[in-house]
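Everything below belongs to data-v9.csv, which stores CSV, C-alpha atoms.
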chain,number,residue,atom,x,y,z
P,1,MET,CA,-1.2,-208.2,-202.4
P,2,THR,CA,2.1,-208.4,-200.5
P,3,GLU,CA,2.8,-204.7,-201.2
P,4,LEU,CA,-0.6,-203.8,-199.8
P,5,VAL,CA,-0.1,-205.9,-196.7
P,6,ASN,CA,3.3,-204.3,-196.1
P,7,LYS,CA,1.7,-200.9,-196.7
P,8,SER,CA,-0.8,-201.6,-194.0
P,9,MET,CA,1.9,-202.1,-191.4
P,10,LYS,CA,2.8,-198.4,-191.7
P,11,VAL,CA,-0.5,-197.2,-190.2
P,12,SER,CA,-1.0,-197.1,-186.4
P,13,ILE,CA,-4.3,-198.0,-184.9
P,14,ALA,CA,-4.0,-195.1,-182.5
P,15,ASP,CA,-2.1,-191.9,-182.0
P,16,ASP,CA,1.2,-192.1,-180.3
P,17,ILE,CA,1.0,-192.8,-176.6
P,18,ARG,CA,3.4,-190.4,-174.9
P,19,ILE,CA,4.5,-191.1,-171.4
P,20,SER,CA,6.7,-188.7,-169.3
P,21,PRO,CA,9.9,-190.4,-168.2
P,22,SER,CA,8.6,-191.1,-164.7
P,23,ARG,CA,10.6,-193.1,-162.2
P,24,PRO,CA,10.6,-196.7,-163.2
P,25,VAL,CA,10.7,-199.8,-161.0
P,26,LEU,CA,14.4,-200.7,-160.5
P,27,ARG,CA,15.7,-204.1,-159.6
P,28,ILE,CA,19.1,-205.7,-159.1
P,29,LYS,CA,19.8,-209.4,-159.4
P,30,PHE,CA,23.1,-211.0,-158.7
P,31,THR,CA,24.3,-213.2,-161.5
P,32,ASN,CA,26.1,-216.6,-161.4
P,33,ALA,CA,29.4,-214.8,-162.2
P,34,CYS,CA,29.0,-212.9,-158.9
P,35,PHE,CA,28.5,-216.2,-157.0
P,36,TYR,CA,31.6,-217.8,-158.6
P,37,LEU,CA,33.7,-214.8,-157.8
P,38,ALA,CA,32.6,-214.9,-154.2
P,39,VAL,CA,33.6,-218.6,-154.0
P,40,VAL,CA,37.0,-217.9,-155.5
P,41,LEU,CA,37.6,-214.9,-153.2
P,42,GLY,CA,36.6,-217.1,-150.2
P,43,PHE,CA,39.4,-219.6,-151.1
P,44,VAL,CA,41.9,-216.8,-151.6
P,45,LEU,CA,41.0,-215.3,-148.3
P,46,LEU,CA,41.4,-218.7,-146.5
P,47,GLY,CA,44.9,-219.0,-148.1
P,48,ALA,CA,45.8,-215.4,-147.0
P,49,ILE,CA,44.7,-216.2,-143.4
P,50,ASN,CA,46.6,-219.6,-143.4
P,51,TYR,CA,49.8,-218.2,-144.9
P,52,GLN,CA,49.5,-214.6,-143.5
P,53,SER,CA,50.2,-213.3,-147.1
P,54,ASN,CA,49.8,-209.5,-147.4
P,55,SER,CA,49.7,-209.9,-151.2
P,56,ALA,CA,46.7,-212.2,-150.9
P,57,TYR,CA,44.9,-209.8,-148.6
P,58,LEU,CA,45.6,-207.0,-151.0
P,59,ILE,CA,44.2,-209.0,-153.9
P,60,VAL,CA,41.0,-209.8,-152.0
P,61,ALA,CA,40.6,-206.1,-151.0
P,62,LEU,CA,41.1,-204.9,-154.6
P,63,VAL,CA,38.7,-207.4,-156.1
P,64,ILE,CA,36.0,-206.7,-153.5
P,65,SER,CA,36.3,-202.9,-153.9
P,66,THR,CA,36.2,-203.3,-157.7
P,67,ALA,CA,33.0,-205.5,-157.5
P,68,VAL,CA,31.3,-203.0,-155.2
P,69,MET,CA,32.2,-200.1,-157.6
P,70,SER,CA,30.9,-202.2,-160.6
P,71,ILE,CA,27.5,-202.5,-158.8
P,72,ILE,CA,27.3,-198.8,-158.2
P,73,HIS,CA,28.1,-198.1,-161.9
P,74,ALA,CA,25.6,-200.7,-163.0
P,75,TRP,CA,22.9,-198.9,-161.0
P,76,LYS,CA,24.0,-195.5,-162.2
P,77,ASN,CA,24.0,-196.7,-165.8
P,78,ILE,CA,20.3,-197.4,-165.9
P,79,ARG,CA,18.5,-195.4,-163.1
P,80,ALA,CA,18.1,-192.1,-165.1
P,81,LEU,CA,16.6,-193.6,-168.2
P,82,GLY,CA,13.2,-192.5,-169.6
P,83,VAL,CA,10.9,-194.2,-172.1
P,84,ILE,CA,8.3,-192.7,-174.6
P,85,ALA,CA,6.1,-195.4,-176.0
P,86,GLY,CA,5.3,-194.9,-179.7
P,87,GLN,CA,3.3,-196.6,-182.4
P,88,ALA,CA,1.9,-200.1,-182.1
P,89,PHE,CA,1.4,-201.3,-185.7
P,90,PRO,CA,-1.5,-203.5,-186.8
P,91,ALA,CA,-0.7,-207.0,-188.0
P,92,PHE,CA,-2.4,-210.1,-189.4
P,93,ALA,CA,-2.9,-213.2,-187.2
P,94,GLY,CA,0.3,-215.2,-187.0
P,95,GLU,CA,2.5,-212.3,-188.1
P,96,PRO,CA,5.0,-210.7,-185.7
P,97,LEU,CA,3.8,-207.6,-183.8
P,98,ARG,CA,5.9,-204.5,-184.0
P,99,ALA,CA,6.0,-201.4,-181.8
P,100,ASN,CA,8.2,-198.4,-181.5
P,101,ALA,CA,9.7,-196.9,-178.3
P,102,THR,CA,12.1,-194.0,-177.7
P,103,ILE,CA,14.7,-194.6,-175.0
P,104,THR,CA,16.1,-191.4,-173.5
P,105,ALA,CA,19.3,-191.2,-171.4
P,106,GLY,CA,19.8,-188.9,-168.3
P,107,GLY,CA,22.6,-186.5,-167.7
P,108,PHE,CA,25.4,-189.0,-168.4
P,109,PRO,CA,26.0,-191.7,-171.0
P,110,THR,CA,24.6,-195.2,-170.8
P,111,VAL,CA,25.9,-198.3,-172.5
P,112,ALA,CA,25.0,-202.0,-173.2
P,113,LEU,CA,21.3,-201.7,-172.8
P,114,VAL,CA,18.7,-204.4,-173.8
P,115,CYS,CA,15.0,-203.5,-174.3
P,116,ASP,CA,12.4,-206.2,-174.2
P,117,ILE,CA,8.9,-207.0,-173.0
P,118,PRO,CA,9.0,-209.1,-169.8
P,119,ASP,CA,5.5,-210.5,-170.4
P,120,ILE,CA,6.8,-212.3,-173.5
P,121,ALA,CA,9.5,-214.8,-172.9
P,122,GLU,CA,10.3,-215.5,-176.6
P,123,ASP,CA,11.4,-211.9,-177.2
P,124,ASP,CA,15.2,-211.5,-177.4
P,125,GLY,CA,15.1,-207.8,-177.1
P,126,VAL,CA,16.8,-204.9,-178.9
P,127,THR,CA,20.3,-203.9,-178.0
P,128,ILE,CA,21.5,-200.3,-177.6
P,129,ALA,CA,25.3,-200.2,-177.6
P,130,HIS,CA,25.7,-196.6,-176.5
P,131,LEU,CA,23.5,-193.7,-175.7
P,132,GLY,CA,25.0,-190.3,-175.0
P,133,ALA,CA,24.0,-188.0,-172.2
P,134,LEU,CA,20.5,-186.5,-172.9
P,135,GLN,CA,20.3,-188.4,-176.2
P,136,SER,CA,17.4,-190.5,-177.4
P,137,GLN,CA,17.2,-193.6,-179.7
P,138,LEU,CA,14.2,-195.1,-181.4
P,139,VAL,CA,13.9,-198.9,-181.1
P,140,THR,CA,11.5,-201.2,-182.8
P,141,LEU,CA,10.4,-204.3,-180.8
P,142,VAL,CA,9.4,-207.4,-182.7
P,143,LEU,CA,7.1,-209.6,-180.7
P,144,PRO,CA,5.5,-213.0,-181.4
P,145,GLY,CA,2.3,-213.0,-183.3
P,146,LYS,CA,-1.1,-213.4,-181.6
P,147,GLN,CA,-4.6,-214.4,-182.5
P,148,ARG,CA,-7.2,-212.1,-184.0
P,149,GLY,CA,-8.5,-209.3,-181.7
P,150,LEU,CA,-7.2,-206.5,-179.5
P,151,HIS,CA,-4.2,-207.1,-177.3
P,152,HIS,CA,-2.5,-205.0,-174.7
P,153,LEU,CA,1.1,-204.9,-173.4
P,154,ARG,CA,1.7,-202.8,-170.3
P,155,ARG,CA,5.4,-203.2,-169.4
P,156,LEU,CA,8.6,-202.4,-171.1
P,157,ARG,CA,11.9,-203.5,-169.6
P,158,VAL,CA,15.4,-202.0,-170.1
P,159,ALA,CA,18.2,-204.1,-168.6
P,160,SER,CA,22.0,-204.2,-168.5
P,161,LEU,CA,24.9,-206.4,-167.3
P,162,TYR,CA,27.3,-203.5,-167.5
P,163,PRO,CA,30.1,-203.2,-166.5
P,164,MET,CA,31.4,-206.6,-165.3
P,165,GLY,CA,28.3,-208.8,-165.5
P,166,LEU,CA,28.2,-209.4,-161.8
P,167,VAL,CA,24.7,-207.9,-161.4
P,168,PHE,CA,21.7,-207.8,-163.7
P,169,VAL,CA,20.0,-204.3,-163.3
P,170,GLN,CA,16.6,-203.7,-164.9
P,171,ALA,CA,14.1,-200.9,-165.0
P,172,GLU,CA,10.5,-201.7,-165.8
P,173,PHE,CA,8.3,-198.9,-167.3
P,174,ILE,CA,4.5,-198.9,-167.2
P,175,ILE,CA,3.2,-198.4,-170.8
P,176,ASP,CA,-0.1,-199.1,-172.6
P,177,TRP,CA,0.4,-200.5,-176.1
P,178,GLN,CA,-2.7,-201.6,-177.9
P,179,PHE,CA,-2.2,-204.1,-180.8
P,180,ILE,CA,-5.0,-204.9,-183.2
P,181,VAL,CA,-4.6,-208.2,-185.0
P,182,TYR,CA,-6.5,-208.7,-188.2
P,183,PRO,CA,-7.7,-212.2,-189.3
P,184,ALA,CA,-5.2,-214.2,-191.3
P,185,PRO,CA,-6.3,-213.6,-195.0
P,186,LEU,CA,-7.5,-216.4,-197.1
P,187,ILE,CA,-8.2,-216.3,-200.8
P,188,SER,CA,-11.5,-217.9,-201.9
P,189,GLY,CA,-11.9,-219.9,-205.0
P,190,ASN,CA,-13.8,-217.2,-207.0
P,191,LEU,CA,-14.0,-213.6,-205.8
P,192,ALA,CA,-16.7,-212.7,-208.3
P,193,SER,CA,-19.1,-215.3,-207.0
P,194,ASP,CA,-18.5,-214.3,-203.4
P,195,ALA,CA,-18.5,-210.6,-203.7
P,196,GLY,CA,-22.2,-209.9,-203.5
P,197,ASP,CA,-24.6,-207.6,-205.2
P,198,GLY,CA,-23.6,-206.1,-208.5
P,199,GLN,CA,-20.0,-207.4,-208.7
P,200,GLY,CA,-20.3,-209.4,-211.9
P,201,GLU,CA,-22.8,-207.2,-213.8
P,202,GLY,CA,-21.4,-205.8,-217.1
P,203,GLN,CA,-18.0,-207.6,-216.6
P,204,ARG,CA,-16.3,-210.5,-218.2
P,205,LEU,CA,-13.5,-212.5,-216.7
P,206,GLY,CA,-10.7,-213.5,-219.1
P,207,SER,CA,-7.0,-213.3,-219.8
P,208,THR,CA,-7.0,-209.6,-220.9
P,209,GLY,CA,-8.3,-206.4,-219.4
P,210,ASP,CA,-7.9,-204.9,-215.9
P,211,PHE,CA,-6.3,-207.0,-213.2
P,212,HIS,CA,-9.2,-208.2,-210.9
P,213,GLY,CA,-7.6,-210.5,-208.3
P,214,HIS,CA,-6.6,-214.1,-207.8
P,215,HIS,CA,-8.2,-217.5,-207.4
P,216,LEU,CA,-6.8,-220.8,-206.5
P,217,TYR,CA,-5.3,-222.8,-209.3
P,218,GLN,CA,-7.6,-225.6,-210.6
P,219,PRO,CA,-6.2,-228.6,-212.6
P,220,GLY,CA,-6.4,-227.9,-216.4
P,221,GLU,CA,-6.1,-224.1,-216.2
P,222,SER,CA,-3.5,-222.3,-218.3
P,223,GLN,CA,-0.2,-221.9,-216.4
P,224,ARG,CA,0.4,-218.7,-218.3
P,225,ARG,CA,-1.9,-216.8,-215.8
P,226,VAL,CA,-0.3,-218.3,-212.7
P,227,ASP,CA,1.2,-215.7,-210.5
P,228,TRP,CA,4.7,-217.2,-210.2
P,229,ARG,CA,6.0,-214.3,-208.1
P,230,ALA,CA,3.5,-215.2,-205.4
P,231,VAL,CA,4.5,-218.8,-205.6
P,232,ALA,CA,8.2,-217.9,-205.2
P,233,ARG,CA,7.3,-216.0,-202.0
P,234,GLY,CA,5.8,-219.2,-200.6
P,235,ARG,CA,2.1,-218.5,-201.3
P,236,PRO,CA,-0.3,-221.1,-202.8
P,237,ILE,CA,-0.6,-221.5,-206.6
P,238,LEU,CA,-2.8,-218.5,-207.5
P,239,VAL,CA,-4.2,-217.6,-211.0
P,240,LYS,CA,-4.5,-214.0,-212.1
P,241,GLU,CA,-8.0,-212.9,-213.0
P,242,PHE,CA,-8.6,-210.0,-215.5
P,243,VAL,CA,-11.9,-208.2,-216.0
P,244,SER,CA,-13.2,-206.2,-219.0
P,245,GLY,CA,-15.8,-203.6,-218.5
P,246,PRO,CA,-16.3,-201.1,-215.7
P,247,LEU,CA,-15.8,-202.2,-212.2
P,248,GLN,CA,-18.9,-201.8,-210.0
P,249,ASP,CA,-19.4,-201.6,-206.3
P,250,CYS,CA,-19.5,-204.9,-204.4
P,251,TRP,CA,-20.3,-206.1,-201.0
P,252,ILE,CA,-18.4,-208.4,-198.7
P,253,ASP,CA,-21.1,-210.1,-196.8
P,254,TYR,CA,-20.9,-212.1,-193.6
P,255,ASP,CA,-23.9,-214.2,-194.6
P,256,ARG,CA,-22.4,-215.3,-197.9
P,257,PHE,CA,-20.5,-218.1,-196.2
P,258,PRO,CA,-23.1,-220.3,-194.6
P,259,GLY,CA,-21.8,-223.2,-192.6
P,260,VAL,CA,-18.2,-221.9,-192.6
P,261,PRO,CA,-16.6,-221.7,-189.1
P,262,LEU,CA,-16.3,-218.1,-187.8
P,263,GLU,CA,-12.5,-217.7,-188.0
P,264,GLN,CA,-12.4,-219.1,-191.5
P,265,ARG,CA,-15.3,-217.0,-192.6
P,266,LEU,CA,-13.6,-213.8,-191.3
P,267,SER,CA,-10.3,-214.9,-193.0
P,268,LEU,CA,-12.1,-215.2,-196.3
P,269,MET,CA,-13.7,-211.8,-195.9
P,270,CYS,CA,-10.2,-210.4,-195.0
P,271,GLY,CA,-8.8,-211.9,-198.2
P,272,GLN,CA,-11.5,-210.2,-200.2
P,273,ILE,CA,-10.8,-206.8,-198.7
P,274,ILE,CA,-7.1,-207.1,-199.5
P,275,SER,CA,-7.8,-208.2,-203.1
P,276,PHE,CA,-10.4,-205.5,-203.8
P,277,GLU,CA,-8.3,-202.8,-202.3
P,278,HIS,CA,-5.3,-203.9,-204.3
P,279,THR,CA,-7.3,-203.6,-207.6
P,280,GLY,CA,-8.9,-200.3,-206.6
P,281,GLN,CA,-12.4,-201.8,-206.4
P,282,ARG,CA,-15.0,-200.1,-204.3
P,283,TYR,CA,-16.3,-202.5,-201.7
P,284,GLY,CA,-18.6,-202.4,-198.7
P,285,LEU,CA,-18.8,-204.6,-195.6
P,286,ARG,CA,-21.8,-206.3,-194.1
P,287,LEU,CA,-21.6,-207.8,-190.6
P,288,PRO,CA,-24.6,-208.5,-188.4
P,289,GLY,CA,-25.4,-205.1,-187.0
P,290,ILE,CA,-22.6,-203.4,-188.9
P,291,LEU,CA,-22.8,-201.8,-192.3
P,292,ILE,CA,-19.9,-199.9,-194.0
P,293,GLU,CA,-20.8,-198.3,-197.3
P,294,PRO,CA,-18.7,-199.1,-200.4
P,295,ASN,CA,-15.5,-197.1,-200.7
P,296,HIS,CA,-11.8,-197.7,-201.2
P,297,GLY,CA,-8.6,-196.2,-199.9
P,298,GLU,CA,-6.3,-196.7,-196.9
P,299,THR,CA,-8.7,-195.4,-194.3
P,300,HIS,CA,-11.6,-197.5,-195.6
P,301,TYR,CA,-9.3,-200.5,-195.8
P,302,HIS,CA,-8.2,-200.4,-192.2
P,303,THR,CA,-11.7,-199.5,-191.0
P,304,CYS,CA,-13.1,-202.7,-192.6
P,305,LEU,CA,-10.2,-204.9,-191.3
P,306,LYS,CA,-10.6,-203.5,-187.8
P,307,GLN,CA,-14.3,-204.4,-187.8
P,308,LEU,CA,-13.3,-208.0,-188.7
P,309,ALA,CA,-10.6,-208.1,-186.0
P,310,LEU,CA,-12.9,-207.0,-183.3
P,311,TRP,CA,-16.0,-208.9,-184.4
P,312,THR,CA,-17.5,-211.5,-182.0
P,313,SER,CA,-20.3,-213.7,-183.1
P,314,PRO,CA,-23.5,-213.0,-181.2
P,315,GLN,CA,-24.4,-215.8,-178.8
P,316,PRO,CA,-27.9,-217.2,-179.1
P,317,LEU,CA,-30.1,-216.7,-176.0
P,318,GLY,CA,-30.7,-219.8,-174.0
P,319,ASN,CA,-34.0,-221.1,-172.8
P,320,PRO,CA,-35.1,-219.7,-169.5
Rewritten as structure tokens:
Amino acid sequence: MTELVNKSMKVSIADDIRISPSRPVLRIKFTNACFYLAVVLGFVLLGAINYQSNSAYLIVALVISTAVMSIIHAWKNIRALGVIAGQAFPAFAGEPLRANATITAGGFPTVALVCDIPDIAEDDGVTIAHLGALQSQLVTLVLPGKQRGLHHLRRLRVASLYPMGLVFVQAEFIIDWQFIVYPAPLISGNLASDAGDGQGEGQRLGSTGDFHGHHLYQPGESQRRVDWRAVARGRPILVKEFVSGPLQDCWIDYDRFPGVPLEQRLSLMCGQIISFEHTGQRYGLRLPGILIEPNHGETHYHTCLKQLALWTSPQPLGNP
């Protein structure tokens, strides 16, 4: 199951979104280091005036000119950058979101860049130590997980404190990343009883045969069928199920979980999709107003998960 979940992260929900490196919004902010330097220079200047020291005047002039040149270089370091937004990978609820972006330098090298998303304060960003003239680098941003559904991020920030840390220069690019977040998968107690029409016909569950899936461990069951690898990865204690006989089509039905809260119901259906896809079982999906015929494979897998991610329970009509 873990291999299948990891495999799903390699598929984008949409084609690459390519954005020409248009002029970004540039901002300069003075840092605390610049303030402290100004205070020190003020005292040095007072001493130079009081003692009429040419050396002190020279030091003040050199430091001020160096600070001004550092601000110019900081601006030059970031102003010619371009960004091409790439894939936004699907994820399950609670898992980190991942997205690719290509950072392109202008006609001169840039150094000490940090890429992040300004809308998400928890993100520490990705560091680019050096980027040669007219060169590009692919970065992968890891963002905090979100709830089930479709989410948008529309800004990417590239910032730098180069060369002296006196100013914080940042460039904000307008992008349009769409993240689809699938429900957090849950494994039901018995897939065979929840799978719907035709799942158990002509089959027998036992300790031998084709691997069929997992169910939660019940006291008294044989520990020889416990999936200890899954336990070592931090998952609940799951027992392997094997089936003899041909596997038949099954249905994952929204109405087979009466009384279960919406999010938990979708999570159980998500867990069934993962388990059946992992075993090569053909499965279909039934949601109110939506019917997906039985099939299997990566495209079918993501189509079903996407329907669960975007599903909203119909609201009953109120009395006039």
ask   = For the point (27.4, -208.7, -158.7) in file coordinates, what residues are within 9 Å, counting all atoms listed in the file? Give the answer as an NGL selection string?
value = :P and (28-35 or 37 or 67-68 or 70-71 or 164-168)
query = For P:Met69, which residue out of P:Gly106, P:Pro185, P:Pro144, P:Pro163 is the nearest one, using all atoms listed in the file?
reply =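 Using all atoms listed in the file, the shortest distance to P:Met69 belongs to P:Pro163.
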Closest atom pairs, residues of stretch 109-173 of chain P within 12 Å of stretch 264-272 of chain P, only C-alpha atoms, as CSV:
residue,atom,partner,partner_atom,distance
P:Gln147,CA,P:Ser267,CA,12.0
P:Arg148,CA,P:Leu266,CA,9.9
P:Gly149,CA,P:Leu266,CA,11.8
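Shortest separation to P:Val25 among P:Lys76, P:Lys146, P:Arg157, P:Arg224 occurs at residue P:Arg157, atoms counted being all atoms listed in the file.
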request  = Check the smallest atom-to-atom distance from each of P:Gly107, P:Tyr162, P:Leu113, P:Gly125 to P:Ile72 using all atoms listed in the file, then report the winner.
outcome  = P:Tyr162
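Atom CA of P:Ile237 lies 26.9 Å from atom CA of P:His296.
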inquiry  = I'd like to know which of P:Ile64, P:Cys250, P:Val44, P:Ile273 is closest to P:Ile187, using all atoms listed in the file.
reply    =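 Nearest to P:Ile187: P:Ile273.
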ask   = Which residues, written as a list in words, have at least one atom at most 9 Å from P:Leu41, with only C-alpha atoms counted and residues fewer than 3 positions away on the same chain left out?
value = Tyr36, Leu37, Ala38, Val44, Leu45, Leu46, Ile59, Val60, Val63 and Ile64 of chain P
File of the preceding selection, C-alpha atoms, as a short mmCIF file (atom, residue, chain, number, x, y, z; two decimals), in the frame of the given file:
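Final file, out-v5.cif:
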data_model
loop_
_atom_site.label_atom_id
_atom_site.label_comp_id
_atom_site.auth_asym_id
_atom_site.auth_seq_id
_atom_site.Cartn_x
_atom_site.Cartn_y
_atom_site.Cartn_z
CA TYR P 36 31.60 -217.80 -158.60
CA LEU P 37 33.70 -214.80 -157.80
CA ALA P 38 32.60 -214.90 -154.20
CA VAL P 44 41.90 -216.80 -151.60
CA LEU P 45 41.00 -215.30 -148.30
CA LEU P 46 41.40 -218.70 -146.50
CA ILE P 59 44.20 -209.00 -153.90
CA VAL P 60 41.00 -209.80 -152.00
CA VAL P 63 38.70 -207.40 -156.10
CA ILE P 64 36.00 -206.70 -153.50
#
request  = Skip P:Thr102 itself and residues of its chain fewer than 2 positions away, then list as an NGL selection string all residues within 8 Å of it, counting all atoms listed in the file.
outcome  = :P and (83-86 or 100 or 104 or 136-139)
ask   = Restricting the calculation to all atoms listed in the file, which member of P:Thr66, P:Ala93, P:Asp116, P:Lys306 is positioned closest to P:Glu263?
value = P:Ala93
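Put simply, atom CA of P:Phe179 is 13.2 Å away from atom CA of P:Leu305.
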ask   = Which of these, P:Thr110, P:Gln178, P:Arg229, P:Thr303, has the shortest distance to P:Ala74 once you count all atoms listed in the file?
value = P:Thr110
query = At what distance in Å, to one decimal, does atom CA of P:Arg27 lie from atom CA of P:Leu131?
reply =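 Separation of atom CA of P:Leu131 and atom CA of P:Arg27: 20.7 Å.
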